[in-house]
$ cat final29.cif   # mmCIF, C-alpha atoms
data_entry
#
loop_
_atom_site.group_PDB
_atom_site.id
_atom_site.type_symbol
_atom_site.label_atom_id
_atom_site.label_comp_id
_atom_site.auth_asym_id
_atom_site.auth_seq_id
_atom_site.Cartn_x
_atom_site.Cartn_y
_atom_site.Cartn_z
ATOM 1 C CA MET J 266 -7.192 24.447 -10.704
ATOM 2 C CA SER J 267 -9.893 25.075 -8.112
ATOM 3 C CA ASP J 268 -9.137 25.793 -4.445
ATOM 4 C CA LEU J 269 -10.609 22.405 -3.509
ATOM 5 C CA LEU J 270 -8.244 20.591 -5.884
ATOM 6 C CA LYS J 271 -5.276 22.604 -4.588
ATOM 7 C CA PHE J 272 -6.270 21.629 -1.036
ATOM 8 C CA MET J 273 -6.637 17.967 -2.027
ATOM 9 C CA LEU J 274 -3.223 17.929 -3.725
ATOM 10 C CA ALA J 275 -1.527 19.576 -0.738
ATOM 11 C CA ALA J 276 -3.309 17.216 1.664
ATOM 12 C CA HIS J 277 -2.258 14.220 -0.449
ATOM 13 C CA VAL J 278 1.402 15.238 -0.278
ATOM 14 C CA LEU J 279 1.467 16.209 3.411
ATOM 15 C CA LEU J 280 -0.524 13.201 4.639
ATOM 16 C CA GLY J 281 1.624 10.888 2.532
ATOM 17 C CA ILE J 282 4.754 12.335 4.149
ATOM 18 C CA VAL J 283 3.185 11.868 7.583
ATOM 19 C CA GLY J 284 2.576 8.209 6.683
ATOM 20 C CA ILE J 285 6.144 7.681 5.471
ATOM 21 C CA ILE J 286 7.688 9.307 8.564
ATOM 22 C CA ALA J 287 5.382 7.356 10.880
ATOM 23 C CA PHE J 288 6.248 3.985 9.332
ATOM 24 C CA TYR J 289 9.941 4.872 9.252
ATOM 25 C CA ALA J 290 9.617 5.464 13.010
ATOM 26 C CA VAL J 291 7.871 2.083 13.380
ATOM 27 C CA TRP J 292 10.596 0.391 11.320
ATOM 28 C CA MET J 293 13.407 1.918 13.390
ATOM 29 C CA GLY J 294 11.518 1.297 16.643
ATOM 30 C CA LEU J 295 11.154 -2.392 15.832
ATOM 31 C CA LEU J 296 14.906 -2.710 15.213
ATOM 32 C CA LYS J 297 15.662 -1.616 18.796
ATOM 33 C CA ARG J 298 16.347 -4.269 21.428
ATOM 34 C CA ARG J 299 13.778 -2.772 23.818
ATOM 35 C CA VAL J 300 10.660 -1.624 22.022
ATOM 36 C CA ASN J 301 8.383 1.180 23.175
ATOM 37 C CA ILE J 302 5.075 -0.430 22.289
ATOM 38 C CA GLY J 303 3.034 2.675 23.100
ATOM 39 C CA PHE J 304 5.059 4.805 20.682
ATOM 40 C CA LEU J 305 4.914 2.132 17.974
ATOM 41 C CA LYS J 306 1.129 1.769 18.314
ATOM 42 C CA TRP J 307 0.443 5.478 17.918
ATOM 43 C CA SER J 308 3.015 5.867 15.131
ATOM 44 C CA ALA J 309 1.407 3.025 13.207
ATOM 45 C CA LEU J 310 -2.076 4.470 13.712
ATOM 46 C CA ALA J 311 -0.875 7.898 12.556
ATOM 47 C CA GLY J 312 0.779 6.308 9.515
ATOM 48 C CA PHE J 313 -2.283 4.234 8.643
ATOM 49 C CA SER J 314 -4.557 7.296 8.957
ATOM 50 C CA GLY J 315 -2.097 9.341 6.891
ATOM 51 C CA PHE J 316 -1.997 6.799 4.072
ATOM 52 C CA ILE J 317 -5.798 6.334 3.990
ATOM 53 C CA LEU J 318 -6.464 10.087 3.915
ATOM 54 C CA SER J 319 -3.672 10.602 1.372
ATOM 55 C CA TRP J 320 -5.239 7.826 -0.729
ATOM 56 C CA LEU J 321 -8.643 9.572 -0.658
ATOM 57 C CA SER J 322 -7.382 13.123 -1.272
ATOM 58 C CA GLY J 323 -4.870 12.037 -3.929
ATOM 59 C CA GLY J 324 -7.500 9.830 -5.543
ATOM 60 C CA TYR J 325 -9.917 12.743 -5.822
ATOM 61 C CA TYR J 326 -7.252 14.919 -7.458
ATOM 62 C CA TYR J 327 -6.093 12.102 -9.751
ATOM 63 C CA VAL J 328 -9.564 11.080 -10.945
ATOM 64 C CA ASP J 329 -11.018 14.588 -11.200
ATOM 65 C CA TYR J 330 -8.080 16.616 -12.552
ATOM 66 C CA TYR J 331 -4.862 14.778 -13.384
ATOM 67 C CA GLY J 332 -6.122 12.713 -16.331
ATOM 68 C CA SER J 333 -7.802 15.594 -18.119
ATOM 69 C CA SER J 334 -5.426 18.477 -17.318
ATOM 70 C CA VAL J 335 -1.975 17.264 -16.249
ATOM 71 C CA LYS J 336 -1.478 14.028 -18.183
ATOM 72 C CA PRO J 337 -1.832 15.666 -21.652
ATOM 73 C CA VAL J 338 0.699 18.369 -20.700
ATOM 74 C CA ILE J 339 3.253 15.748 -19.601
ATOM 75 C CA LEU J 340 2.690 13.547 -22.666
ATOM 76 C CA GLN J 341 3.217 16.492 -25.023
ATOM 77 C CA GLY J 342 6.179 17.866 -23.057
ATOM 78 C CA PRO J 343 9.858 16.840 -23.060
ATOM 79 C CA TYR J 344 9.428 14.155 -20.354
ATOM 80 C CA PRO J 345 6.498 11.908 -21.358
ATOM 81 C CA LEU J 346 8.125 8.944 -19.560
ATOM 82 C CA ALA J 347 7.270 10.680 -16.289
ATOM 83 C CA HIS J 348 3.650 9.734 -16.903
ATOM 84 C CA ILE J 349 4.149 6.542 -18.895
ATOM 85 C CA ILE J 350 6.414 4.921 -16.305
ATOM 86 C CA LEU J 351 6.264 6.875 -13.046
ATOM 87 C CA THR J 352 2.594 7.866 -12.772
ATOM 88 C CA GLU J 353 1.414 4.475 -13.971
ATOM 89 C CA THR J 354 3.618 2.686 -11.416
ATOM 90 C CA LYS J 355 2.931 5.170 -8.616
ATOM 91 C CA GLU J 356 -0.846 5.072 -8.909
ATOM 92 C CA HIS J 357 -0.920 1.282 -8.647
ATOM 93 C CA VAL J 358 1.808 0.779 -6.032
ATOM 94 C CA PHE J 359 -0.086 3.365 -3.983
ATOM 95 C CA LEU J 360 -2.890 0.813 -3.690
ATOM 96 C CA PHE J 361 -0.545 -1.537 -1.756
ATOM 97 C CA LEU J 362 0.126 0.882 1.083
ATOM 98 C CA PRO J 363 -3.189 0.863 2.986
ATOM 99 C CA PHE J 364 -3.028 -2.943 3.250
ATOM 100 C CA LEU J 365 0.565 -2.945 4.514
ATOM 101 C CA ALA J 366 -0.302 -0.152 6.947
ATOM 102 C CA LEU J 367 -3.419 -1.958 8.179
ATOM 103 C CA VAL J 368 -1.556 -5.201 8.920
ATOM 104 C CA ILE J 369 1.219 -3.355 10.801
ATOM 105 C CA THR J 370 -1.322 -1.362 12.815
ATOM 106 C CA LEU J 371 -3.394 -4.446 13.698
ATOM 107 C CA ALA J 372 -0.253 -6.376 14.688
ATOM 108 C CA LEU J 373 0.933 -3.622 17.038
ATOM 109 C CA TRP J 374 -2.450 -2.787 18.575
ATOM 110 C CA PHE J 375 -3.706 -6.331 19.133
ATOM 111 C CA TYR J 376 -0.583 -8.516 19.191
ATOM 112 C CA GLY J 377 1.979 -6.245 20.850
ATOM 113 C CA GLU J 378 2.952 -8.956 23.345
ATOM 114 C CA LYS J 379 4.182 -11.089 20.419
ATOM 115 C CA LEU J 380 7.087 -8.674 19.928
ATOM 116 C CA GLU J 381 8.895 -10.735 22.563
ATOM 117 C CA ASN J 382 9.354 -13.228 19.736
ATOM 118 C CA GLU J 383 12.388 -11.978 17.757
ATOM 119 C CA LYS J 384 11.242 -13.548 14.492
ATOM 120 C CA PHE J 385 7.828 -11.883 14.808
ATOM 121 C CA LYS J 386 9.475 -8.523 15.557
ATOM 122 C CA LYS J 387 12.035 -8.698 12.730
ATOM 123 C CA THR J 388 9.571 -9.764 10.045
ATOM 124 C CA LEU J 389 7.096 -7.088 11.159
ATOM 125 C CA ALA J 390 9.995 -4.622 10.808
ATOM 126 C CA ALA J 391 10.413 -5.895 7.229
ATOM 127 C CA VAL J 392 6.766 -5.025 6.495
ATOM 128 C CA ALA J 393 7.299 -1.551 8.006
ATOM 129 C CA ALA J 394 10.425 -1.196 5.830
ATOM 130 C CA ALA J 395 8.401 -2.144 2.742
ATOM 131 C CA ALA J 396 5.713 0.440 3.604
ATOM 132 C CA THR J 397 8.377 3.112 4.178
ATOM 133 C CA LEU J 398 10.390 2.413 1.024
ATOM 134 C CA LEU J 399 7.345 2.086 -1.255
ATOM 135 C CA GLY J 400 6.005 5.308 0.255
ATOM 136 C CA ALA J 401 9.358 7.022 -0.366
ATOM 137 C CA PHE J 402 9.372 5.791 -3.976
ATOM 138 C CA ILE J 403 5.864 7.197 -4.456
ATOM 139 C CA ALA J 404 6.924 10.547 -2.974
ATOM 140 C CA VAL J 405 10.009 10.815 -5.203
ATOM 141 C CA ALA J 406 7.952 9.792 -8.248
ATOM 142 C CA GLY J 407 5.443 12.514 -7.332
ATOM 143 C CA VAL J 408 8.201 15.138 -7.296
ATOM 144 C CA ALA J 409 9.453 13.977 -10.722
ATOM 145 C CA ILE J 410 5.915 13.977 -12.170
ATOM 146 C CA SER J 411 5.295 17.512 -10.843
ATOM 147 C CA GLY J 412 8.577 18.636 -12.418
ATOM 148 C CA ALA J 413 7.619 17.092 -15.759
ATOM 149 C CA ALA J 414 4.286 18.951 -15.758
ATOM 150 C CA ARG J 415 5.916 22.403 -15.436
ATOM 151 C CA MET L 269 7.040 -0.829 28.758
ATOM 152 C CA LYS L 270 6.544 -4.287 30.169
ATOM 153 C CA LEU L 271 5.187 -6.701 27.582
ATOM 154 C CA LEU L 272 2.414 -9.160 28.326
ATOM 155 C CA THR L 273 3.364 -12.826 28.255
ATOM 156 C CA ARG L 274 -0.067 -14.450 27.825
ATOM 157 C CA GLN L 275 -0.204 -16.535 24.641
ATOM 158 C CA LYS L 276 -3.059 -15.805 22.291
ATOM 159 C CA THR L 277 -4.075 -17.066 18.884
ATOM 160 C CA THR L 278 -2.755 -15.247 15.824
ATOM 161 C CA LYS L 279 -5.303 -16.724 13.410
ATOM 162 C CA SER L 280 -7.079 -13.423 12.775
ATOM 163 C CA LEU L 281 -3.776 -11.651 12.143
ATOM 164 C CA ILE L 282 -2.579 -14.381 9.766
ATOM 165 C CA ALA L 283 -5.929 -14.198 7.931
ATOM 166 C CA ASP L 284 -5.498 -10.435 7.508
ATOM 167 C CA ILE L 285 -1.926 -10.945 6.255
ATOM 168 C CA TYR L 286 -3.225 -13.406 3.636
ATOM 169 C CA GLY L 287 -5.920 -10.885 2.702
ATOM 170 C CA ALA L 288 -3.296 -8.161 2.229
ATOM 171 C CA ILE L 289 -1.090 -10.433 0.102
ATOM 172 C CA ALA L 290 -4.102 -11.383 -2.039
ATOM 173 C CA ALA L 291 -5.062 -7.701 -2.485
ATOM 174 C CA ILE L 292 -1.516 -6.812 -3.614
ATOM 175 C CA LEU L 293 -1.397 -9.733 -6.051
ATOM 176 C CA PHE L 294 -4.829 -8.714 -7.355
ATOM 177 C CA VAL L 295 -3.795 -5.082 -7.974
ATOM 178 C CA THR L 296 -0.646 -6.212 -9.795
ATOM 179 C CA SER L 297 -2.364 -8.784 -11.998
ATOM 180 C CA ALA L 298 -5.421 -6.581 -12.682
ATOM 181 C CA THR L 299 -3.107 -3.735 -13.738
ATOM 182 C CA ILE L 300 -1.164 -5.895 -16.189
ATOM 183 C CA VAL L 301 -4.281 -7.672 -17.518
ATOM 184 C CA GLY L 302 -5.962 -4.283 -17.946
ATOM 185 C CA GLU L 303 -3.129 -3.107 -20.207
ATOM 186 C CA PHE L 304 -3.602 -6.065 -22.553
ATOM 187 C CA ALA L 305 -7.372 -6.599 -22.305
ATOM 188 C CA SER L 306 -9.024 -3.268 -22.964
ATOM 189 C CA GLU L 307 -12.446 -4.851 -22.292
ATOM 190 C CA PHE L 308 -11.458 -5.370 -18.653
ATOM 191 C CA LYS L 309 -10.234 -1.787 -18.261
ATOM 192 C CA ASP L 310 -13.371 -0.483 -19.983
ATOM 193 C CA TRP L 311 -15.531 -2.558 -17.646
ATOM 194 C CA LEU L 312 -13.705 -1.100 -14.624
ATOM 195 C CA LYS L 313 -14.321 2.410 -15.985
ATOM 196 C CA ALA L 314 -18.001 1.695 -16.655
ATOM 197 C CA ALA L 315 -18.626 0.050 -13.297
ATOM 198 C CA PHE L 316 -16.536 2.332 -11.043
ATOM 199 C CA PHE L 317 -16.236 5.620 -12.986
ATOM 200 C CA HIS L 318 -12.425 5.212 -13.283
ATOM 201 C CA HIS L 319 -10.256 2.099 -13.706
ATOM 202 C CA TRP L 320 -8.086 3.124 -10.720
ATOM 203 C CA VAL L 321 -11.132 3.481 -8.466
ATOM 204 C CA GLY L 322 -12.319 0.070 -9.677
ATOM 205 C CA LYS L 323 -9.008 -1.583 -8.845
ATOM 206 C CA GLY L 324 -9.019 0.027 -5.389
ATOM 207 C CA VAL L 325 -12.594 -1.037 -4.595
ATOM 208 C CA LEU L 326 -11.997 -4.579 -5.873
ATOM 209 C CA ALA L 327 -8.703 -4.814 -3.941
ATOM 210 C CA VAL L 328 -10.608 -3.992 -0.723
ATOM 211 C CA ALA L 329 -13.202 -6.635 -1.660
ATOM 212 C CA VAL L 330 -10.441 -9.218 -2.293
ATOM 213 C CA PHE L 331 -8.844 -8.343 1.058
ATOM 214 C CA LEU L 332 -12.137 -8.776 2.932
ATOM 215 C CA LEU L 333 -13.058 -12.006 1.129
ATOM 216 C CA VAL L 334 -9.670 -13.722 1.543
ATOM 217 C CA SER L 335 -9.386 -12.555 5.140
ATOM 218 C CA PHE L 336 -12.887 -13.867 5.929
ATOM 219 C CA LEU L 337 -12.316 -17.231 4.211
ATOM 220 C CA SER L 338 -8.869 -17.626 5.826
ATOM 221 C CA ARG L 339 -10.373 -17.120 9.297
ATOM 222 C CA ARG L 340 -12.604 -20.136 8.645
ATOM 223 C CA ALA L 341 -10.129 -22.325 6.760
ATOM 224 C CA LEU L 342 -6.862 -21.708 8.599
ATOM 225 C CA VAL L 343 -5.532 -24.644 10.552
ATOM 226 C CA ARG L 344 -2.076 -23.219 11.267
ATOM 227 C CA ASP L 345 -1.531 -20.804 14.090
ATOM 228 C CA GLY L 346 1.285 -19.371 16.186
ATOM 229 C CA ASP L 347 3.860 -16.602 16.251
ATOM 230 C CA SER L 348 6.118 -18.321 13.698
ATOM 231 C CA GLU L 349 3.269 -18.640 11.200
ATOM 232 C CA ALA L 350 2.481 -14.946 11.621
ATOM 233 C CA ALA L 351 6.179 -14.130 11.156
ATOM 234 C CA LYS L 352 6.234 -16.224 7.983
ATOM 235 C CA GLY L 353 3.179 -14.286 6.801
ATOM 236 C CA PHE L 354 4.913 -10.938 7.469
ATOM 237 C CA TYR L 355 7.912 -12.133 5.463
ATOM 238 C CA TYR L 356 5.752 -13.108 2.488
ATOM 239 C CA LEU L 357 3.780 -9.849 2.726
ATOM 240 C CA ALA L 358 6.963 -7.736 2.635
ATOM 241 C CA LEU L 359 8.336 -9.873 -0.201
ATOM 242 C CA ALA L 360 5.087 -9.712 -2.211
ATOM 243 C CA SER L 361 4.870 -5.926 -1.938
ATOM 244 C CA ALA L 362 8.517 -5.442 -2.989
ATOM 245 C CA VAL L 363 8.369 -7.938 -5.868
ATOM 246 C CA CYS L 364 4.983 -6.683 -7.135
ATOM 247 C CA GLY L 365 6.227 -3.082 -6.981
ATOM 248 C CA LEU L 366 9.270 -4.015 -9.054
ATOM 249 C CA ILE L 367 7.116 -6.019 -11.490
ATOM 250 C CA LEU L 368 4.875 -2.990 -12.091
ATOM 251 C CA LEU L 369 7.850 -0.648 -12.530
ATOM 252 C CA GLY L 370 9.518 -3.116 -14.909
ATOM 253 C CA PHE L 371 6.289 -3.704 -16.816
ATOM 254 C CA PHE L 372 5.610 -0.018 -17.444
ATOM 255 C CA ALA L 373 9.272 0.613 -18.335
ATOM 256 C CA TYR L 374 9.179 -2.310 -20.794
ATOM 257 C CA GLU L 375 5.913 -1.092 -22.323
ATOM 258 C CA ALA L 376 7.022 2.554 -22.479
ATOM 259 C CA PRO L 377 8.452 2.552 -26.053
ATOM 260 C CA SER L 378 5.089 1.460 -27.453
ATOM 261 C CA HIS L 379 3.451 4.568 -25.907
ATOM 262 C CA LEU L 380 5.948 7.089 -27.297
#

$ encode --input "final29.cif" --output "structure tokens"
Amino acid sequence: MSDLLKFMLAAHVLLGIVGIIAFYAVWMGLLKRRVNIGFLKWSALAGFSGFILSWLSGGYYYVDYYGSSVKPVILQGPYPLAHIILTETKEHVFLFLPFLALVITLALWFYGEKLENEKFKKTLAAVAAAATLLGAFIAVAGVAISGAAR
Amino acid sequence: MKLLTRQKTTKSLIADIYGAIAAILFVTSATIVGEFASEFKDWLKAAFFHHWVGKGVLAVAVFLLVSFLSRRALVRDGDSEAAKGFYYLALASAVCGLILLGFFAYEAPSHL
């Protein structure tokens, strides 16, 4: 694997973790009675940026290297289901995250005053929870896929 | 921090929520259709270099189109409508994620 691909893979993992942590912070922040809108705004923007950059770096690695070099190793190894179920699900669920992140970020940056409405706040927290939990699933799947490729 | 109290329209936000829901539904259906109709997957590969890139680019296009059309067509507005949209967005992402996981698990034996 080239240095560029190694960098892209590391960036994909680290930026994805930044996104998950940032949206977990947004989720927890929205559950508080008194919200810190400034913190939530910047957390959401950090999470959105993290997911977009993780999408691009992970996409480069996936398209350029994974299919030709990693996938065959997993399919011929003892854990082919890691690719057949986990990679296939992960790569497509990953496409949901930028849209969830964008909506959360737009809501906090341009409609922050609406958080006075409890229903608005709680349902936005549900979207942040979805982004966090799907992100966590993708991260755990990534660990399992890496293990299956060794 | 003190929150503002001025009421403002949420139409643009609701339109973007609808766009996000449409993009998620598109990714899910395109993924499942692509597994059964190889012509569709082949077309994605031919047009976008890789089927995954194609689904991503088309999902962005679906988001932009539905968001744009919703801005023009939406008649409902308000905080409660936006909240309802958030609820459906969270639900759609969770259900579609489970559908994809279940689909690939169900299909797995045929790939072994």

$ closest_residue --input "final29.cif" --among "J:Gln341, J:Val335, J:Trp320, J:Tyr326" --to "J:His357" --atoms "only C-alpha atoms"
J:Trp320

$ residues_around --input "final29.cif" --residues "J:Ser319" --least-positions-apart "2" --cutoff "7 Å" --atoms "all atoms listed in the file" --output "number ranges by chain"
J: 276-277, 280-281, 315-317, 321-323

$ resolve_selection --input "final29.cif" --expression "the PyMOL selection byres ((chain J) within 6 of (chain L))" --output "list in words"
Ile350, Thr354, Val358, Phe361, Phe364, Glu378, Phe385, Thr388, Leu389, Val392 and Ala395 of chain J

$ axis_aligned_box --input "final29.cif" --around "stretch 340-347 of chain J" --padding-each-side "6 Å" --output "AutoDock Vina command-line options"
--center_x 6.3 --center_y 13.4 --center_z -20.7 --size_x 19.2 --size_y 20.9 --size_z 20.7

$ closest_residue --input "final29.cif" --among "J:Val278, J:Leu380, J:Ala390, J:Ile369" --to "J:Val405" --atoms "all atoms listed in the file"
J:Val278

$ resolve_selection --input "final29.cif" --expression "the PyMOL selection byres ((chain J and resi 347) around 9)" --output "PyMOL selection string"
chain J and resi 339-340+344-346+348-353+406+409-414

$ decode --input "final29.cif" --residues "stretch 362-412 of chain J" --atoms "C-alpha atoms" --output "PDB file, in the first residue's frame"
ATOM      1  CA  LEU J 362     -24.236  10.300   7.370  1.00  0.00           C
ATOM      2  CA  PRO J 363     -23.414  13.489   5.430  1.00  0.00           C
ATOM      3  CA  PHE J 364     -27.141  14.178   4.963  1.00  0.00           C
ATOM      4  CA  LEU J 365     -27.948  13.648   8.647  1.00  0.00           C
ATOM      5  CA  ALA J 366     -24.952  15.791   9.600  1.00  0.00           C
ATOM      6  CA  LEU J 367     -25.935  18.549   7.166  1.00  0.00           C
ATOM      7  CA  VAL J 368     -29.500  18.803   8.494  1.00  0.00           C
ATOM      8  CA  ILE J 369     -28.298  18.929  12.126  1.00  0.00           C
ATOM      9  CA  THR J 370     -25.701  21.581  11.289  1.00  0.00           C
ATOM     10  CA  LEU J 371     -28.181  23.734   9.339  1.00  0.00           C
ATOM     11  CA  ALA J 372     -30.763  23.439  12.135  1.00  0.00           C
ATOM     12  CA  LEU J 373     -28.292  24.576  14.802  1.00  0.00           C
ATOM     13  CA  TRP J 374     -26.636  27.356  12.792  1.00  0.00           C
ATOM     14  CA  PHE J 375     -29.765  28.914  11.300  1.00  0.00           C
ATOM     15  CA  TYR J 376     -32.621  27.844  13.587  1.00  0.00           C
ATOM     16  CA  GLY J 377     -30.964  27.814  17.012  1.00  0.00           C
ATOM     17  CA  GLU J 378     -33.746  29.939  18.515  1.00  0.00           C
ATOM     18  CA  LYS J 379     -36.201  27.104  17.766  1.00  0.00           C
ATOM     19  CA  LEU J 380     -34.554  25.009  20.488  1.00  0.00           C
ATOM     20  CA  GLU J 381     -36.897  26.786  22.900  1.00  0.00           C
ATOM     21  CA  ASN J 382     -39.517  24.440  21.468  1.00  0.00           C
ATOM     22  CA  GLU J 383     -39.080  21.141  23.366  1.00  0.00           C
ATOM     23  CA  LYS J 384     -40.440  19.015  20.526  1.00  0.00           C
ATOM     24  CA  PHE J 385     -38.009  20.621  18.068  1.00  0.00           C
ATOM     25  CA  LYS J 386     -35.109  20.057  20.483  1.00  0.00           C
ATOM     26  CA  LYS J 387     -35.971  16.428  21.298  1.00  0.00           C
ATOM     27  CA  THR J 388     -36.513  15.344  17.700  1.00  0.00           C
ATOM     28  CA  LEU J 389     -33.295  17.079  16.622  1.00  0.00           C
ATOM     29  CA  ALA J 390     -31.594  15.103  19.415  1.00  0.00           C
ATOM     30  CA  ALA J 391     -33.042  11.945  17.822  1.00  0.00           C
ATOM     31  CA  VAL J 392     -31.363  12.845  14.512  1.00  0.00           C
ATOM     32  CA  ALA J 393     -28.066  13.444  16.356  1.00  0.00           C
ATOM     33  CA  ALA J 394     -28.525  10.055  18.068  1.00  0.00           C
ATOM     34  CA  ALA J 395     -29.069   8.400  14.679  1.00  0.00           C
ATOM     35  CA  ALA J 396     -25.899  10.024  13.280  1.00  0.00           C
ATOM     36  CA  THR J 397     -23.912   8.939  16.351  1.00  0.00           C
ATOM     37  CA  LEU J 398     -25.165   5.346  16.442  1.00  0.00           C
ATOM     38  CA  LEU J 399     -24.839   4.780  12.680  1.00  0.00           C
ATOM     39  CA  GLY J 400     -21.345   6.269  12.869  1.00  0.00           C
ATOM     40  CA  ALA J 401     -20.489   3.953  15.779  1.00  0.00           C
ATOM     41  CA  PHE J 402     -21.803   0.947  13.834  1.00  0.00           C
ATOM     42  CA  ILE J 403     -19.628   1.932  10.866  1.00  0.00           C
ATOM     43  CA  ALA J 404     -16.576   2.282  13.125  1.00  0.00           C
ATOM     44  CA  VAL J 405     -17.113  -1.123  14.761  1.00  0.00           C
ATOM     45  CA  ALA J 406     -17.720  -2.716  11.348  1.00  0.00           C
ATOM     46  CA  GLY J 407     -14.456  -1.145  10.154  1.00  0.00           C
ATOM     47  CA  VAL J 408     -12.555  -2.739  13.042  1.00  0.00           C
ATOM     48  CA  ALA J 409     -14.086  -6.159  12.260  1.00  0.00           C
ATOM     49  CA  ILE J 410     -13.300  -5.815   8.535  1.00  0.00           C
ATOM     50  CA  SER J 411      -9.678  -4.859   9.315  1.00  0.00           C
ATOM     51  CA  GLY J 412      -9.409  -7.899  11.595  1.00  0.00           C
TER      52      GLY J 412
END
